[in-house]
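Before any comments, here is the structure.
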Amino acid sequence: MSGAGLITGDTPLGRHMAARLADTLDGTDDPLRSILLLEDPAATRGHGPGLRMLKRLGRLIPGRRQRSGLPARYEHEARKVFLDGAGPVPGWPKGCEIRRMPRGDVNTPETVAWQAGFGLRVIVLIGAPIIRAPMLWTASLGVLNLHGSLLPHYRGTQVEFWQVRNGDLDKVGLTIHYVAPDVDTGDIVAQVPQAAEISDGPWIIRARNQLNALDAMPKAVRAVLAGTAERRKQDTIAGDRPYRFADLTPEVRDEVIATMNRKPGA
């Protein structure tokens, strides 16, 4: 047995990516065989992923921004951009096995054993936590991750916020890369730049990256499986470190929103 696997959450992006991968690999020797569907603890209590994200963002926005409803508005606008471009959210593809589990269990021996049983050649990560060595070894050709910047710049999480804050629009785009032990340092398979404005903000930038990924990731997977993918090692940036979610303090997020709404020349 061989094929491809997907590790993702139950989100519009996760469902659309599963459908695109299944369609792209249909009829090949390496179809989409497995989906590890990661759930936050709140999911078992009836809270959807969109609500969880809004609450998480809300805790990091100062009171005046929360009262204005700006984060919720930006999240809604970004969701509309994605759905307008991707179309209605599909169901999970038929013909592959789905295993639901808490996000924190993705690297457990039981999960690794389940994944290893498929003899996968490639695994795709979409919004997954850090994958450890035993899980990485379950895919003979490697694990591909989707990242929201043009690596090696802006490694880590929620990097679109930092791109807007720093005015680094030339670093906006997506990278598909192999997963390596260090965060976002693996060889690059594909990159898709994005033309963006500061006023777009991190929410819209991320939505556009996700739309572009729906085409870029299946193509990258096909190339890896066919042995035609070009691997490019990342340059090293002195003093660079990955951004963490904890780095996005209320003050930083407030600054990003203010930057988005600043009039030209102000």
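Residue names in the structure tokens use chain letters A, B, ... in the order shown, residue numbers from 1 in each chain, and ligand numbers from 1 in the order shown.
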Per DSSP on the backbone, what are the alpha helix (DSSP H) residues of range 75-234 of chain A, as a PyMOL selection string?
-> chain A and resi 75-86+109-116+133-136+159-166+201-226
Would you output that residue set with C-alpha atoms, as an mmCIF file, in the first residue's frame?
data_model
loop_
_atom_site.group_PDB
_atom_site.id
_atom_site.type_symbol
_atom_site.label_atom_id
_atom_site.label_comp_id
_atom_site.auth_asym_id
_atom_site.auth_seq_id
_atom_site.Cartn_x
_atom_site.Cartn_y
_atom_site.Cartn_z
ATOM 1 C CA GLU A 75 -12.124 37.636 10.388
ATOM 2 C CA HIS A 76 -15.530 37.699 8.680
ATOM 3 C CA GLU A 77 -14.164 39.573 5.665
ATOM 4 C CA ALA A 78 -11.265 37.149 5.313
ATOM 5 C CA ARG A 79 -13.562 34.141 5.517
ATOM 6 C CA LYS A 80 -15.705 35.638 2.758
ATOM 7 C CA VAL A 81 -12.641 36.214 0.565
ATOM 8 C CA PHE A 82 -11.635 32.580 0.976
ATOM 9 C CA LEU A 83 -15.087 31.114 0.407
ATOM 10 C CA ASP A 84 -15.802 33.378 -2.573
ATOM 11 C CA GLY A 85 -12.618 32.094 -4.185
ATOM 12 C CA ALA A 86 -12.775 28.455 -3.114
ATOM 13 C CA PRO A 109 2.659 6.117 19.558
ATOM 14 C CA GLU A 110 -0.917 5.068 18.788
ATOM 15 C CA THR A 111 -1.333 7.806 16.190
ATOM 16 C CA VAL A 112 2.057 7.099 14.643
ATOM 17 C CA ALA A 113 1.246 3.389 14.402
ATOM 18 C CA TRP A 114 -2.076 4.137 12.706
ATOM 19 C CA GLN A 115 -0.428 6.417 10.168
ATOM 20 C CA ALA A 116 2.449 4.024 9.519
ATOM 21 C CA ALA A 133 10.458 12.512 14.275
ATOM 22 C CA PRO A 134 8.457 9.266 14.630
ATOM 23 C CA MET A 135 5.530 10.740 12.707
ATOM 24 C CA LEU A 136 7.855 12.247 10.079
ATOM 25 C CA VAL A 159 3.652 35.696 10.629
ATOM 26 C CA GLU A 160 1.276 37.769 8.491
ATOM 27 C CA PHE A 161 0.810 40.076 11.477
ATOM 28 C CA TRP A 162 4.534 40.774 11.619
ATOM 29 C CA GLN A 163 4.789 41.334 7.870
ATOM 30 C CA VAL A 164 2.137 44.054 8.118
ATOM 31 C CA ARG A 165 3.595 45.571 11.293
ATOM 32 C CA ASN A 166 7.073 45.773 9.758
ATOM 33 C CA GLY A 201 -4.131 43.382 6.892
ATOM 34 C CA PRO A 202 -3.008 39.938 8.060
ATOM 35 C CA TRP A 203 -6.437 38.340 7.870
ATOM 36 C CA ILE A 204 -6.935 39.018 4.149
ATOM 37 C CA ILE A 205 -3.305 38.190 3.376
ATOM 38 C CA ARG A 206 -3.734 34.801 5.018
ATOM 39 C CA ALA A 207 -6.983 34.119 3.154
ATOM 40 C CA ARG A 208 -5.294 34.828 -0.180
ATOM 41 C CA ASN A 209 -2.380 32.575 0.708
ATOM 42 C CA GLN A 210 -4.831 29.811 1.515
ATOM 43 C CA LEU A 211 -6.558 30.233 -1.844
ATOM 44 C CA ASN A 212 -3.231 30.071 -3.658
ATOM 45 C CA ALA A 213 -2.311 26.981 -1.656
ATOM 46 C CA LEU A 214 -5.318 25.078 -2.987
ATOM 47 C CA ASP A 215 -3.567 25.012 -6.372
ATOM 48 C CA ALA A 216 0.066 25.067 -5.255
ATOM 49 C CA MET A 217 0.003 22.227 -2.727
ATOM 50 C CA PRO A 218 -1.580 19.538 -4.944
ATOM 51 C CA LYS A 219 0.897 20.427 -7.708
ATOM 52 C CA ALA A 220 3.786 20.150 -5.255
ATOM 53 C CA VAL A 221 2.551 16.766 -4.020
ATOM 54 C CA ARG A 222 2.278 15.450 -7.582
ATOM 55 C CA ALA A 223 5.811 16.645 -8.315
ATOM 56 C CA VAL A 224 7.212 15.001 -5.171
ATOM 57 C CA LEU A 225 5.475 11.724 -5.956
ATOM 58 C CA ALA A 226 6.711 11.852 -9.550
#
May I have all residues of range 21-266 of chain A that DSSP, computed from the backbone, assigns to strand (DSSP E), given as a PyMOL selection string?
-> chain A and resi 32-39+97-102+122-126+143-147+173-178+188-193
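Considering the residues A:Gln234, A:Thr108, A:Thr11, A:Thr24 and counting only C-alpha atoms, Gly91 in chain A has its shortest atom-to-atom contact with A:Thr11.
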Residue among A:Asp168, A:Gln158, A:Gly3, A:Val189 lying closest to Thr228 in chain A, counting only C-alpha atoms |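 Selected residue with least distance to Thr228 in chain A: A:Val189.
The smallest atom-to-atom distance between Pro152 in chain A and any of A:Lys94, A:His177, A:Arg33, A:Arg73, using only C-alpha atoms, is found for A:His177.
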Which residues, written as a VMD selection string, have at least one atom at most 10 Å from Ile176 in chain A, with only C-alpha atoms counted and residues fewer than 5 positions away on the same chain left out?
-> chain A and resid 124 to 125 144 to 151 184 186 to 192 213 216 to 217 220 to 221
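The space between CA of Val106 in chain A and CA of Ile7 in chain A spans 8.8 Å.
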CA of Gly119 in chain A and CA of Ile98 in chain A are how many Å apart?
->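 These atoms are spaced 15.5 Å apart.
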What separation in Å, quoted to one decimal, exists between CA of Asp200 in chain A and CA of His153 in chain A?
-> 19.7 Å
In terms of the shortest atom-to-atom distance over only C-alpha atoms, which of A:Met101, A:Leu21, A:Val89, A:Val172 is closest to Gln194 in chain A?
-> A:Val172
What lies within 8 Å of range 239-243 of chain A using only C-alpha atoms, ignoring chain neighbours under 2 positions off, as JSON, numbers by chain?
-> {"A": [154, 155, 156, 157, 158, 159, 183, 237, 245, 247]}
Create the file for the chosen residues now, containing C-alpha atoms and written as a short mmCIF file (atom, residue, chain, number, x, y, z; two decimals), in the first residue's frame.
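Result file is out.cif:
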data_model
loop_
_atom_site.label_atom_id
_atom_site.label_comp_id
_atom_site.auth_asym_id
_atom_site.auth_seq_id
_atom_site.Cartn_x
_atom_site.Cartn_y
_atom_site.Cartn_z
CA TYR A 154 9.30 35.13 8.90
CA ARG A 155 9.45 31.63 10.30
CA GLY A 156 6.99 30.65 13.00
CA THR A 157 3.31 31.32 13.59
CA GLN A 158 0.89 34.13 12.71
CA VAL A 159 3.65 35.70 10.63
CA VAL A 183 10.79 25.22 12.80
CA ILE A 237 19.58 34.58 8.35
CA PHE A 245 1.97 33.08 19.19
CA ASP A 247 4.95 37.24 20.75
#
Test item: residues at most 10 Å from Pro31 in chain A, only C-alpha atoms, excluding those fewer than 4 positions along its chain, as a PDB file with N, CA, C and O atoms, in the first residue's frame:
ATOM      1  N   SER A   2       0.460   2.276  -0.698  1.00  0.00           N
ATOM      2  CA  SER A   2       1.152   3.559  -0.681  1.00  0.00           C
ATOM      3  C   SER A   2       0.125   4.651  -0.923  1.00  0.00           C
ATOM      4  O   SER A   2      -1.044   4.376  -1.162  1.00  0.00           O
ATOM      5  N   GLY A   3       0.564   5.878  -0.862  1.00  0.00           N
ATOM      6  CA  GLY A   3      -0.371   6.977  -1.081  1.00  0.00           C
ATOM      7  C   GLY A   3       0.074   8.220  -0.359  1.00  0.00           C
ATOM      8  O   GLY A   3       1.234   8.373   0.023  1.00  0.00           O
ATOM      9  N   ALA A   4      -0.887   9.134  -0.163  1.00  0.00           N
ATOM     10  CA  ALA A   4      -0.634  10.393   0.522  1.00  0.00           C
ATOM     11  C   ALA A   4      -1.570  10.516   1.714  1.00  0.00           C
ATOM     12  O   ALA A   4      -2.644   9.910   1.752  1.00  0.00           O
ATOM     13  N   GLY A   5      -1.137  11.307   2.691  1.00  0.00           N
ATOM     14  CA  GLY A   5      -1.957  11.566   3.862  1.00  0.00           C
ATOM     15  C   GLY A   5      -2.061  13.056   4.114  1.00  0.00           C
ATOM     16  O   GLY A   5      -1.244  13.844   3.618  1.00  0.00           O
ATOM     17  N   LEU A  21      -6.698  17.548  -2.992  1.00  0.00           N
ATOM     18  CA  LEU A  21      -5.718  16.470  -3.020  1.00  0.00           C
ATOM     19  C   LEU A  21      -6.339  15.175  -3.536  1.00  0.00           C
ATOM     20  O   LEU A  21      -5.726  14.448  -4.339  1.00  0.00           O
ATOM     21  N   ALA A  22      -7.543  14.872  -3.082  1.00  0.00           N
ATOM     22  CA  ALA A  22      -8.209  13.646  -3.522  1.00  0.00           C
ATOM     23  C   ALA A  22      -8.448  13.674  -5.031  1.00  0.00           C
ATOM     24  O   ALA A  22      -8.224  12.667  -5.724  1.00  0.00           O
ATOM     25  N   ASP A  23      -8.891  14.816  -5.549  1.00  0.00           N
ATOM     26  CA  ASP A  23      -9.135  14.924  -6.992  1.00  0.00           C
ATOM     27  C   ASP A  23      -7.830  14.815  -7.780  1.00  0.00           C
ATOM     28  O   ASP A  23      -7.769  14.140  -8.814  1.00  0.00           O
ATOM     29  N   THR A  24      -6.786  15.493  -7.291  1.00  0.00           N
ATOM     30  CA  THR A  24      -5.513  15.495  -7.998  1.00  0.00           C
ATOM     31  C   THR A  24      -4.884  14.106  -8.053  1.00  0.00           C
ATOM     32  O   THR A  24      -4.288  13.718  -9.065  1.00  0.00           O
ATOM     33  N   LEU A  25      -5.014  13.347  -6.982  1.00  0.00           N
ATOM     34  CA  LEU A  25      -4.363  12.039  -6.892  1.00  0.00           C
ATOM     35  C   LEU A  25      -5.259  10.887  -7.306  1.00  0.00           C
ATOM     36  O   LEU A  25      -4.816   9.733  -7.328  1.00  0.00           O
ATOM     37  N   ASP A  26      -6.497  11.175  -7.649  1.00  0.00           N
ATOM     38  CA  ASP A  26      -7.440  10.129  -8.061  1.00  0.00           C
ATOM     39  C   ASP A  26      -6.929   9.421  -9.316  1.00  0.00           C
ATOM     40  O   ASP A  26      -6.500  10.052 -10.281  1.00  0.00           O
ATOM     41  N   GLY A  27      -6.956   8.116  -9.280  1.00  0.00           N
ATOM     42  CA  GLY A  27      -6.524   7.329 -10.434  1.00  0.00           C
ATOM     43  C   GLY A  27      -5.029   7.083 -10.501  1.00  0.00           C
ATOM     44  O   GLY A  27      -4.558   6.414 -11.430  1.00  0.00           O
ATOM     45  N   GLY A  95     -13.408   7.356   0.282  1.00  0.00           N
ATOM     46  CA  GLY A  95     -12.331   6.466  -0.135  1.00  0.00           C
ATOM     47  C   GLY A  95     -11.063   6.571   0.680  1.00  0.00           C
ATOM     48  O   GLY A  95     -10.088   5.864   0.389  1.00  0.00           O
ATOM     49  N   CYS A  96     -11.039   7.475   1.687  1.00  0.00           N
ATOM     50  CA  CYS A  96      -9.862   7.536   2.559  1.00  0.00           C
ATOM     51  C   CYS A  96     -10.324   7.454   4.014  1.00  0.00           C
ATOM     52  O   CYS A  96     -11.453   7.839   4.335  1.00  0.00           O
ATOM     53  N   LEU A 120       2.513   5.390   3.620  1.00  0.00           N
ATOM     54  CA  LEU A 120       2.411   6.618   2.830  1.00  0.00           C
ATOM     55  C   LEU A 120       3.764   7.058   2.292  1.00  0.00           C
ATOM     56  O   LEU A 120       4.802   6.849   2.907  1.00  0.00           O
TER      57      LEU A 120
END
For Pro93 in chain A, the closest of A:Ala139, A:Ala19, A:Leu32, A:Leu37 counting only C-alpha atoms is A:Ala19
